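One file, target.txt, is given below (compact mmCIF, C-alpha atoms and all ligand atoms).
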```
# COMPACT_ATOMS: atom_id res chain seq x y z
CA MET A 84 -19.18 28.44 35.03
CA ALA A 85 -21.49 28.07 32.03
CA LYS A 86 -21.10 24.80 30.19
CA THR A 87 -21.05 24.15 26.48
CA GLN A 88 -22.55 21.18 24.68
CA VAL A 89 -20.10 19.08 22.67
CA SER A 90 -20.85 16.14 20.39
CA LEU A 91 -18.04 13.95 19.15
CA THR A 92 -17.11 10.38 18.36
CA VAL A 93 -14.73 8.61 20.73
CA ASN A 94 -13.48 5.14 19.86
CA GLY A 95 -16.37 4.70 17.45
CA LYS A 96 -19.08 5.75 19.90
CA ALA A 97 -21.12 8.95 19.76
CA VAL A 98 -20.62 11.11 22.83
CA ASP A 99 -22.66 14.12 23.91
CA ALA A 100 -21.54 16.05 26.96
CA LEU A 101 -21.49 19.39 28.69
CA VAL A 102 -18.05 20.87 29.31
CA GLU A 103 -16.69 24.04 30.78
CA PRO A 104 -14.88 26.14 28.18
CA ARG A 105 -11.65 25.85 30.18
CA THR A 106 -11.69 22.03 30.30
CA LEU A 107 -8.76 20.44 28.54
CA LEU A 108 -9.42 17.48 26.28
CA ILE A 109 -7.22 15.21 28.42
CA HIS A 110 -9.28 16.05 31.51
CA PHE A 111 -12.53 15.54 29.61
CA LEU A 112 -11.40 12.13 28.41
CA ARG A 113 -10.09 10.98 31.76
CA GLU A 114 -12.57 12.54 34.17
CA GLN A 115 -15.84 12.71 32.26
CA LEU A 116 -15.49 9.70 29.95
CA ASN A 117 -13.34 7.58 32.31
CA LEU A 118 -10.83 6.94 29.53
CA THR A 119 -7.73 6.89 31.68
CA GLY A 120 -5.43 5.36 29.07
CA PRO A 121 -4.16 8.73 27.88
CA HIS A 122 -1.91 9.91 30.72
CA ILE A 123 -0.98 13.30 32.09
CA GLY A 124 2.77 13.73 32.31
CA CYS A 125 3.58 17.39 31.88
CA GLU A 126 0.49 19.30 30.72
CA THR A 127 2.85 21.50 28.71
CA THR A 128 3.00 19.63 25.38
CA HIS A 129 6.41 18.12 26.03
CA CYS A 130 5.99 14.48 26.99
CA GLY A 131 3.34 13.03 24.67
CA ALA A 132 1.79 10.84 27.38
CA CYS A 133 -1.60 12.39 26.59
CA THR A 134 -1.45 11.68 22.83
CA VAL A 135 -4.72 10.80 21.14
CA ASP A 136 -5.69 10.51 17.49
CA LEU A 137 -7.99 13.40 16.52
CA ASN A 138 -9.39 13.63 13.00
CA GLY A 139 -6.48 11.62 11.62
CA LYS A 140 -3.70 13.44 13.42
CA SER A 141 -1.70 12.77 16.55
CA VAL A 142 -2.65 15.41 19.08
CA LYS A 143 -1.40 16.14 22.56
CA SER A 144 -4.69 16.35 24.34
CA CYS A 145 -3.30 18.52 27.15
CA ASN A 146 -2.99 21.29 24.60
CA VAL A 147 -6.54 21.15 23.24
CA PHE A 148 -9.72 22.37 24.87
CA ALA A 149 -12.55 19.88 24.94
CA VAL A 150 -14.77 22.40 23.14
CA GLN A 151 -12.28 22.42 20.27
CA ALA A 152 -12.96 18.71 19.81
CA ASN A 153 -16.64 19.33 19.11
CA GLY A 154 -17.53 17.25 16.03
CA ALA A 155 -14.21 15.40 16.09
CA ASP A 156 -13.47 11.73 15.64
CA ILE A 157 -11.10 10.64 18.42
CA ARG A 158 -9.30 7.39 19.08
CA THR A 159 -7.54 6.63 22.33
CA ILE A 160 -5.62 3.57 23.43
CA GLU A 161 -8.93 2.13 24.67
CA GLY A 162 -10.06 1.95 21.04
CA MET A 163 -6.89 0.44 19.65
CA ALA A 164 -7.70 -3.28 19.84
CA ASN A 165 -9.13 -4.99 16.78
CA ALA A 166 -12.90 -5.28 16.40
CA ASP A 167 -12.77 -8.94 17.43
CA GLY A 168 -11.04 -8.03 20.69
CA THR A 169 -7.57 -9.22 19.67
CA LEU A 170 -4.64 -6.92 20.23
CA HIS A 171 -3.68 -4.41 17.57
CA ALA A 172 -0.36 -5.25 15.94
CA LEU A 173 1.22 -2.37 17.84
CA GLN A 174 -0.04 -3.65 21.17
CA GLU A 175 1.25 -7.08 20.28
CA GLY A 176 4.56 -5.57 19.19
CA PHE A 177 5.05 -3.74 22.48
CA ARG A 178 4.31 -6.96 24.36
CA GLU A 179 6.49 -9.19 22.21
CA MET A 180 9.46 -6.83 21.93
CA HIS A 181 9.36 -5.62 25.55
CA GLY A 182 8.51 -2.10 24.42
CA LEU A 183 7.53 -0.96 27.87
CA GLN A 184 8.95 -0.85 31.35
CA CYS A 185 6.76 1.17 33.72
CA GLY A 186 4.22 1.64 30.94
CA PHE A 187 3.48 5.28 31.64
CA CYS A 188 4.36 6.47 28.14
CA THR A 189 2.92 3.42 26.41
CA PRO A 190 -0.66 4.52 25.61
CA GLY A 191 0.58 7.75 24.06
CA MET A 192 3.46 5.98 22.35
CA ILE A 193 1.19 3.37 20.76
CA THR A 194 -1.39 5.95 19.74
CA ARG A 195 1.33 8.05 18.14
CA ALA A 196 2.82 4.98 16.41
CA TYR A 197 -0.64 4.13 15.07
CA ARG A 198 -0.78 7.42 13.16
CA LEU A 199 2.86 7.09 12.11
CA LEU A 200 2.13 3.73 10.47
CA GLN A 201 -1.01 5.10 8.85
CA GLU A 202 1.11 7.81 7.24
CA ASN A 203 4.14 5.66 6.54
CA PRO A 204 3.45 1.90 6.60
CA SER A 205 7.11 0.93 6.14
CA PRO A 206 9.16 3.41 8.13
CA THR A 207 12.91 3.12 8.46
CA GLU A 208 14.41 3.09 11.93
CA ASP A 209 15.31 6.76 11.53
CA GLU A 210 11.76 7.57 10.45
CA ILE A 211 10.38 5.77 13.50
CA ARG A 212 12.71 7.65 15.81
CA HIS A 213 11.79 10.94 14.16
CA GLY A 214 8.10 9.98 14.23
CA ILE A 215 8.03 9.39 17.98
CA ALA A 216 10.30 12.34 18.81
CA GLY A 217 7.39 14.09 20.52
CA ASN A 218 6.82 11.20 22.91
CA LEU A 219 9.19 10.82 25.82
CA CYS A 220 9.85 7.59 27.69
CA ARG A 221 11.13 8.33 31.18
CA CYS A 222 12.39 4.75 31.39
CA THR A 223 14.41 5.48 28.22
CA GLY A 224 13.34 2.22 26.59
CA TYR A 225 13.58 3.59 23.08
CA GLN A 226 15.47 0.67 21.56
CA ASN A 227 12.66 -1.76 22.24
CA ILE A 228 9.96 0.78 21.44
CA VAL A 229 11.48 1.12 17.96
CA LYS A 230 11.61 -2.68 17.64
CA ALA A 231 7.97 -2.91 18.73
CA ILE A 232 6.90 -0.48 16.02
CA GLN A 233 8.99 -2.35 13.44
CA PHE A 234 7.31 -5.59 14.58
CA ALA A 235 3.88 -4.01 14.06
CA ALA A 236 4.79 -2.60 10.64
CA ASP A 237 6.07 -6.01 9.51
CA LYS A 238 2.95 -7.74 10.78
CA ILE A 239 0.55 -5.25 9.18
CA ASN A 240 2.43 -5.31 5.88
CA ALA A 241 2.51 -9.12 5.81
CA ALA A 242 -1.22 -9.51 6.46
CA PRO A 243 -2.53 -8.90 2.89
CA MET A 244 0.12 -11.23 1.47
CA GLN A 245 -0.90 -13.97 3.90
CA GLU A 246 -4.54 -13.52 2.92
CA ALA A 247 -3.65 -13.60 -0.79
CA ALA A 248 -1.69 -16.81 -0.28
CA GLU A 249 -4.64 -18.53 1.43
S1 LIG B 301 0.72 15.63 29.29
FE1 LIG B 301 0.37 16.35 27.28
S2 LIG B 301 2.32 16.40 26.37
FE2 LIG B 301 2.72 15.84 28.44
S1 LIG B 302 8.01 2.65 29.79
FE1 LIG B 302 8.23 3.96 31.50
S2 LIG B 302 7.94 5.91 30.66
FE2 LIG B 302 8.12 4.64 28.94
```
Would you kindly transcribe this structure into structure tokens?
Amino acid sequence: MAKTQVSLTVNGKAVDALVEPRTLLIHFLREQLNLTGPHIGCETTHCGACTVDLNGKSVKSCNVFAVQANGADIRTIEGMANADGTLHALQEGFREMHGLQCGFCTPGMITRAYRLLQENPSPTEDEIRHGIAGNLCRCTGYQNIVKAIQFAADKINAAPMQEAAE
């Protein structure tokens, strides 16, 4: 099948590749770029395991063709850590608050929570639950997932105040 050239930015790096028009973004990320953090759970837009951040929105990458991401700026869980290599507050929150069991949903859950906190830095518990409604955890660990996101929000919101106090 004829391939199409795509150019995009993934986790801050420029990527040029040839893709078949039928290739889904999740398959492109996992199989051509070896970014296996985004998982494949359902391939029908239900589970959220494949969630990535695309041009400032949470997107289920099993429902997007790779060619549609031409020119896009994408972040996956592999690009979530801070520039100095330390864990992002969300990653720290999931570790500290036991926000994962098997971990299958975790990359998508953290990537979704990242956008949620960008849009709403101080979400209520209800807003967190609503915000992650498109991401399913088959281990049903929602209580601690919510706590992990609250932990991250508190840490991010406290950071400027700490710097100001120094
Ligand atoms: S694999 Fe994309 S939503 Fe389930
Ligand atoms: S931790 Fe197992 S699916 Fe969420």
With only C-alpha atoms and all ligand atoms as the basis for distance, which of A:Gln201, A:Ser141, A:Thr194, A:Thr189 is at the shortest distance from ligand LIG 302 (chain B)?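 Going through A:Gln201, A:Ser141, A:Thr194, A:Thr189 one by one, the smallest distance to ligand LIG 302 (chain B) is for A:Thr189.
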Query raised in the report: What is the atom CA of A:Ala216-atom CA of A:Asn117 distance in Å, reported with one decimal?
Result: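 For atom CA of A:Ala216 relative to atom CA of A:Asn117, the distance reads 27.6 Å.
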Return as number ranges by chain the residues of protein, DNA or RNA that approach ligand LIG 302 (chain B) to within 6 Å, with all atoms listed in the file taken into account. A: 183-189, 220-222
| message | What's the separation between atom CA of A:Lys143 and atom FE2 of ligand LIG 301 (chain B), in Å to one decimal place? | response |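 According to the coordinates, atom CA of A:Lys143 and atom FE2 of ligand LIG 301 (chain B) are separated by 7.2 Å.
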**Request:** Rounded to one decimal place, report the atom CA of A:Thr207-atom CA of A:Arg195 distance in Å.
**Result:**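 Atom CA of A:Arg195 lies 15.9 Å from atom CA of A:Thr207.
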Please identify all polymer residues lying at most 10 Å from the point (-15.2, 14.7, 20.5) (file coordinates), using all atoms listed in the file, and present the result as a compact mmCIF listing (two decimals) with C-alpha atoms, in the frame of the given file.
```txt
# COMPACT_ATOMS: atom_id res chain seq x y z
CA VAL A 89 -20.10 19.08 22.67
CA SER A 90 -20.85 16.14 20.39
CA LEU A 91 -18.04 13.95 19.15
CA THR A 92 -17.11 10.38 18.36
CA VAL A 93 -14.73 8.61 20.73
CA ASN A 94 -13.48 5.14 19.86
CA LYS A 96 -19.08 5.75 19.90
CA ALA A 97 -21.12 8.95 19.76
CA VAL A 98 -20.62 11.11 22.83
CA ASP A 99 -22.66 14.12 23.91
CA ALA A 100 -21.54 16.05 26.96
CA LEU A 108 -9.42 17.48 26.28
CA PHE A 111 -12.53 15.54 29.61
CA LEU A 112 -11.40 12.13 28.41
CA LEU A 137 -7.99 13.40 16.52
CA ASN A 138 -9.39 13.63 13.00
CA ALA A 149 -12.55 19.88 24.94
CA VAL A 150 -14.77 22.40 23.14
CA GLN A 151 -12.28 22.42 20.27
CA ALA A 152 -12.96 18.71 19.81
CA ASN A 153 -16.64 19.33 19.11
CA GLY A 154 -17.53 17.25 16.03
CA ALA A 155 -14.21 15.40 16.09
CA ASP A 156 -13.47 11.73 15.64
CA ILE A 157 -11.10 10.64 18.42
CA ARG A 158 -9.30 7.39 19.08
```
Could you produce a table of the residues of chain A lying within 8 Å of ligand LIG 301 (chain B), with the nearest pair of atoms per residue and their separation in Å rounded to one decimal, using only C-alpha atoms and all ligand atoms, ordered by chain and increasing residue number, as a Markdown table?
```
| residue | atom | partner | partner_atom | distance |
| --- | --- | --- | --- | --- |
| A:Ile109 | CA | B:LIG301 | FE1 | 7.8 |
| A:His122 | CA | B:LIG301 | S1 | 6.5 |
| A:Ile123 | CA | B:LIG301 | S1 | 4.0 |
| A:Gly124 | CA | B:LIG301 | S1 | 4.1 |
| A:Cys125 | CA | B:LIG301 | FE2 | 3.9 |
| A:Glu126 | CA | B:LIG301 | S1 | 3.9 |
| A:Thr127 | CA | B:LIG301 | S2 | 5.6 |
| A:Thr128 | CA | B:LIG301 | S2 | 3.4 |
| A:His129 | CA | B:LIG301 | S2 | 4.4 |
| A:Cys130 | CA | B:LIG301 | FE2 | 3.8 |
| A:Gly131 | CA | B:LIG301 | S2 | 3.9 |
| A:Ala132 | CA | B:LIG301 | FE2 | 5.2 |
| A:Cys133 | CA | B:LIG301 | FE1 | 4.5 |
| A:Thr134 | CA | B:LIG301 | FE1 | 6.7 |
| A:Lys143 | CA | B:LIG301 | FE1 | 5.0 |
| A:Ser144 | CA | B:LIG301 | FE1 | 5.9 |
| A:Cys145 | CA | B:LIG301 | FE1 | 4.3 |
| A:Asn146 | CA | B:LIG301 | FE1 | 6.5 |
| A:Asn218 | CA | B:LIG301 | S2 | 7.7 |
```
Could those selected residues go to a file with C-alpha atoms, as a PDB file, in the coordinates of the input?
```pdb
ATOM      1  CA  ILE A 109      -7.220  15.210  28.420  1.00  0.00           C
ATOM      2  CA  HIS A 122      -1.910   9.910  30.720  1.00  0.00           C
ATOM      3  CA  ILE A 123      -0.980  13.300  32.090  1.00  0.00           C
ATOM      4  CA  GLY A 124       2.770  13.730  32.310  1.00  0.00           C
ATOM      5  CA  CYS A 125       3.580  17.390  31.880  1.00  0.00           C
ATOM      6  CA  GLU A 126       0.490  19.300  30.720  1.00  0.00           C
ATOM      7  CA  THR A 127       2.850  21.500  28.710  1.00  0.00           C
ATOM      8  CA  THR A 128       3.000  19.630  25.380  1.00  0.00           C
ATOM      9  CA  HIS A 129       6.410  18.120  26.030  1.00  0.00           C
ATOM     10  CA  CYS A 130       5.990  14.480  26.990  1.00  0.00           C
ATOM     11  CA  GLY A 131       3.340  13.030  24.670  1.00  0.00           C
ATOM     12  CA  ALA A 132       1.790  10.840  27.380  1.00  0.00           C
ATOM     13  CA  CYS A 133      -1.600  12.390  26.590  1.00  0.00           C
ATOM     14  CA  THR A 134      -1.450  11.680  22.830  1.00  0.00           C
ATOM     15  CA  LYS A 143      -1.400  16.140  22.560  1.00  0.00           C
ATOM     16  CA  SER A 144      -4.690  16.350  24.340  1.00  0.00           C
ATOM     17  CA  CYS A 145      -3.300  18.520  27.150  1.00  0.00           C
ATOM     18  CA  ASN A 146      -2.990  21.290  24.600  1.00  0.00           C
ATOM     19  CA  ASN A 218       6.820  11.200  22.910  1.00  0.00           C
TER      20      ASN A 218
END
```
Enclose the full set of atoms of stretch 122-136 of chain A listed in the file within a box whose edges lie along x, y and z, apply 5 Å of padding to each of the six sides, and report centre and edge lengths in Å to one decimal as lines of an AutoDock Vina configuration file.
```
center_x = 0.4
center_y = 15.7
center_z = 24.9
size_x = 22.1
size_y = 21.6
size_z = 24.8
```
Of A:Ile211, A:Ser205, A:Thr159, A:Met84, the one sitting nearest A:Asp136 when using all atoms listed in the file is A:Thr159
message = Between A:Gly120, A:Gly176, A:Pro104, A:Gly217, which residue has the minimum interatomic distance to A:Ile239, considering only C-alpha atoms?
response =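 Smallest distance to A:Ile239 is found for A:Gly176.
Proximity ranking of A:Arg198, A:His110, A:Arg212, A:His181 relative to A:Gly224 places A:His181 first, based on only C-alpha atoms.
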Counting all atoms listed in the file, the residue among A:Pro121, A:Pro190, A:Gly95, A:Gly214 that lies closest to A:Phe177 is A:Pro190
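You can rank A:Ala166, A:Val135, A:Val147, A:Arg105 by their closest distance to A:Tyr197 using all atoms listed in the file, and at the top of that list sits A:Val135.
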For stretch 170-181 of chain A, which lacks atoms in the input, supply all heavy atoms and format the output as a PDB file, keeping the file's coordinate frame.
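Final output, selection-v9.pdb:
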```
ATOM      1  N   LEU A 170      -5.515  -8.092  20.126  1.00  0.00           N
ATOM      2  CA  LEU A 170      -4.640  -6.920  20.230  1.00  0.00           C
ATOM      3  C   LEU A 170      -4.311  -6.364  18.855  1.00  0.00           C
ATOM      4  O   LEU A 170      -4.125  -7.117  17.887  1.00  0.00           O
ATOM      5  CB  LEU A 170      -3.334  -7.297  20.929  1.00  0.00           C
ATOM      6  CG  LEU A 170      -3.407  -7.706  22.396  1.00  0.00           C
ATOM      7  CD1 LEU A 170      -2.003  -8.011  22.922  1.00  0.00           C
ATOM      8  CD2 LEU A 170      -4.062  -6.620  23.238  1.00  0.00           C
ATOM      9  N   HIS A 171      -4.221  -5.055  18.775  1.00  0.00           N
ATOM     10  CA  HIS A 171      -3.680  -4.410  17.570  1.00  0.00           C
ATOM     11  C   HIS A 171      -2.222  -4.827  17.420  1.00  0.00           C
ATOM     12  O   HIS A 171      -1.555  -5.135  18.413  1.00  0.00           O
ATOM     13  CB  HIS A 171      -3.804  -2.895  17.739  1.00  0.00           C
ATOM     14  CG  HIS A 171      -3.422  -2.120  16.519  1.00  0.00           C
ATOM     15  ND1 HIS A 171      -2.111  -1.837  16.203  1.00  0.00           N
ATOM     16  CD2 HIS A 171      -4.173  -1.588  15.530  1.00  0.00           C
ATOM     17  CE1 HIS A 171      -2.079  -1.140  15.076  1.00  0.00           C
ATOM     18  NE2 HIS A 171      -3.319  -0.975  14.639  1.00  0.00           N
ATOM     19  N   ALA A 172      -1.751  -4.844  16.187  1.00  0.00           N
ATOM     20  CA  ALA A 172      -0.360  -5.250  15.940  1.00  0.00           C
ATOM     21  C   ALA A 172       0.624  -4.436  16.777  1.00  0.00           C
ATOM     22  O   ALA A 172       1.664  -4.958  17.211  1.00  0.00           O
ATOM     23  CB  ALA A 172      -0.042  -5.116  14.457  1.00  0.00           C
ATOM     24  N   LEU A 173       0.317  -3.188  17.014  1.00  0.00           N
ATOM     25  CA  LEU A 173       1.220  -2.370  17.840  1.00  0.00           C
ATOM     26  C   LEU A 173       1.207  -2.838  19.293  1.00  0.00           C
ATOM     27  O   LEU A 173       2.264  -2.914  19.937  1.00  0.00           O
ATOM     28  CB  LEU A 173       0.814  -0.901  17.762  1.00  0.00           C
ATOM     29  CG  LEU A 173       1.336  -0.151  16.535  1.00  0.00           C
ATOM     30  CD1 LEU A 173       0.527   1.112  16.303  1.00  0.00           C
ATOM     31  CD2 LEU A 173       2.819   0.171  16.684  1.00  0.00           C
ATOM     32  N   GLN A 174       0.030  -3.148  19.792  1.00  0.00           N
ATOM     33  CA  GLN A 174      -0.040  -3.650  21.170  1.00  0.00           C
ATOM     34  C   GLN A 174       0.714  -4.969  21.297  1.00  0.00           C
ATOM     35  O   GLN A 174       1.448  -5.196  22.260  1.00  0.00           O
ATOM     36  CB  GLN A 174      -1.512  -3.828  21.579  1.00  0.00           C
ATOM     37  CG  GLN A 174      -2.275  -2.511  21.647  1.00  0.00           C
ATOM     38  CD  GLN A 174      -3.762  -2.715  21.837  1.00  0.00           C
ATOM     39  OE1 GLN A 174      -4.401  -3.430  21.082  1.00  0.00           O
ATOM     40  NE2 GLN A 174      -4.329  -2.061  22.836  1.00  0.00           N
ATOM     41  N   GLU A 175       0.529  -5.803  20.291  1.00  0.00           N
ATOM     42  CA  GLU A 175       1.250  -7.080  20.280  1.00  0.00           C
ATOM     43  C   GLU A 175       2.755  -6.831  20.195  1.00  0.00           C
ATOM     44  O   GLU A 175       3.545  -7.490  20.883  1.00  0.00           O
ATOM     45  CB  GLU A 175       0.763  -7.886  19.068  1.00  0.00           C
ATOM     46  CG  GLU A 175       1.132  -9.335  19.124  1.00  0.00           C
ATOM     47  CD  GLU A 175       0.655 -10.056  17.868  1.00  0.00           C
ATOM     48  OE1 GLU A 175      -0.305  -9.598  17.210  1.00  0.00           O
ATOM     49  OE2 GLU A 175       1.277 -11.077  17.556  1.00  0.00           O
ATOM     50  N   GLY A 176       3.141  -5.885  19.351  1.00  0.00           N
ATOM     51  CA  GLY A 176       4.560  -5.570  19.190  1.00  0.00           C
ATOM     52  C   GLY A 176       5.192  -5.096  20.490  1.00  0.00           C
ATOM     53  O   GLY A 176       6.293  -5.520  20.852  1.00  0.00           O
ATOM     54  N   PHE A 177       4.493  -4.230  21.215  1.00  0.00           N
ATOM     55  CA  PHE A 177       5.050  -3.740  22.480  1.00  0.00           C
ATOM     56  C   PHE A 177       5.176  -4.875  23.492  1.00  0.00           C
ATOM     57  O   PHE A 177       6.109  -4.906  24.284  1.00  0.00           O
ATOM     58  CB  PHE A 177       4.182  -2.596  23.039  1.00  0.00           C
ATOM     59  CG  PHE A 177       4.580  -1.247  22.498  1.00  0.00           C
ATOM     60  CD1 PHE A 177       4.373  -0.920  21.163  1.00  0.00           C
ATOM     61  CD2 PHE A 177       5.197  -0.314  23.311  1.00  0.00           C
ATOM     62  CE1 PHE A 177       4.766   0.314  20.652  1.00  0.00           C
ATOM     63  CE2 PHE A 177       5.594   0.924  22.813  1.00  0.00           C
ATOM     64  CZ  PHE A 177       5.381   1.236  21.481  1.00  0.00           C
ATOM     65  N   ARG A 178       4.226  -5.808  23.443  1.00  0.00           N
ATOM     66  CA  ARG A 178       4.310  -6.960  24.360  1.00  0.00           C
ATOM     67  C   ARG A 178       5.457  -7.890  23.951  1.00  0.00           C
ATOM     68  O   ARG A 178       6.285  -8.278  24.780  1.00  0.00           O
ATOM     69  CB  ARG A 178       2.990  -7.719  24.367  1.00  0.00           C
ATOM     70  CG  ARG A 178       2.976  -8.854  25.365  1.00  0.00           C
ATOM     71  CD  ARG A 178       1.671  -9.621  25.346  1.00  0.00           C
ATOM     72  NE  ARG A 178       1.497 -10.343  24.091  1.00  0.00           N
ATOM     73  CZ  ARG A 178       0.422 -11.047  23.775  1.00  0.00           C
ATOM     74  NH1 ARG A 178      -0.585 -11.098  24.621  1.00  0.00           N
ATOM     75  NH2 ARG A 178       0.342 -11.678  22.633  1.00  0.00           N
ATOM     76  N   GLU A 179       5.508  -8.210  22.685  1.00  0.00           N
ATOM     77  CA  GLU A 179       6.490  -9.190  22.210  1.00  0.00           C
ATOM     78  C   GLU A 179       7.923  -8.671  22.286  1.00  0.00           C
ATOM     79  O   GLU A 179       8.854  -9.429  22.551  1.00  0.00           O
ATOM     80  CB  GLU A 179       6.177  -9.597  20.769  1.00  0.00           C
ATOM     81  CG  GLU A 179       4.900 -10.382  20.606  1.00  0.00           C
ATOM     82  CD  GLU A 179       4.908 -11.669  21.404  1.00  0.00           C
ATOM     83  OE1 GLU A 179       5.932 -12.383  21.375  1.00  0.00           O
ATOM     84  OE2 GLU A 179       3.906 -11.957  22.078  1.00  0.00           O
ATOM     85  N   MET A 180       8.109  -7.394  22.011  1.00  0.00           N
ATOM     86  CA  MET A 180       9.460  -6.830  21.930  1.00  0.00           C
ATOM     87  C   MET A 180       9.852  -6.094  23.216  1.00  0.00           C
ATOM     88  O   MET A 180      10.819  -5.359  23.231  1.00  0.00           O
ATOM     89  CB  MET A 180       9.571  -5.876  20.730  1.00  0.00           C
ATOM     90  CG  MET A 180       9.167  -6.506  19.401  1.00  0.00           C
ATOM     91  SD  MET A 180       9.975  -8.085  19.058  1.00  0.00           S
ATOM     92  CE  MET A 180      11.635  -7.536  18.722  1.00  0.00           C
ATOM     93  N   HIS A 181       9.067  -6.269  24.259  1.00  0.00           N
ATOM     94  CA  HIS A 181       9.360  -5.620  25.550  1.00  0.00           C
ATOM     95  C   HIS A 181       9.486  -4.100  25.377  1.00  0.00           C
ATOM     96  O   HIS A 181      10.444  -3.482  25.853  1.00  0.00           O
ATOM     97  CB  HIS A 181      10.635  -6.211  26.171  1.00  0.00           C
ATOM     98  CG  HIS A 181      10.615  -7.702  26.237  1.00  0.00           C
ATOM     99  ND1 HIS A 181       9.801  -8.403  27.107  1.00  0.00           N
ATOM    100  CD2 HIS A 181      11.263  -8.632  25.501  1.00  0.00           C
ATOM    101  CE1 HIS A 181       9.973  -9.699  26.920  1.00  0.00           C
ATOM    102  NE2 HIS A 181      10.847  -9.872  25.951  1.00  0.00           N
TER     103      HIS A 181
END
```
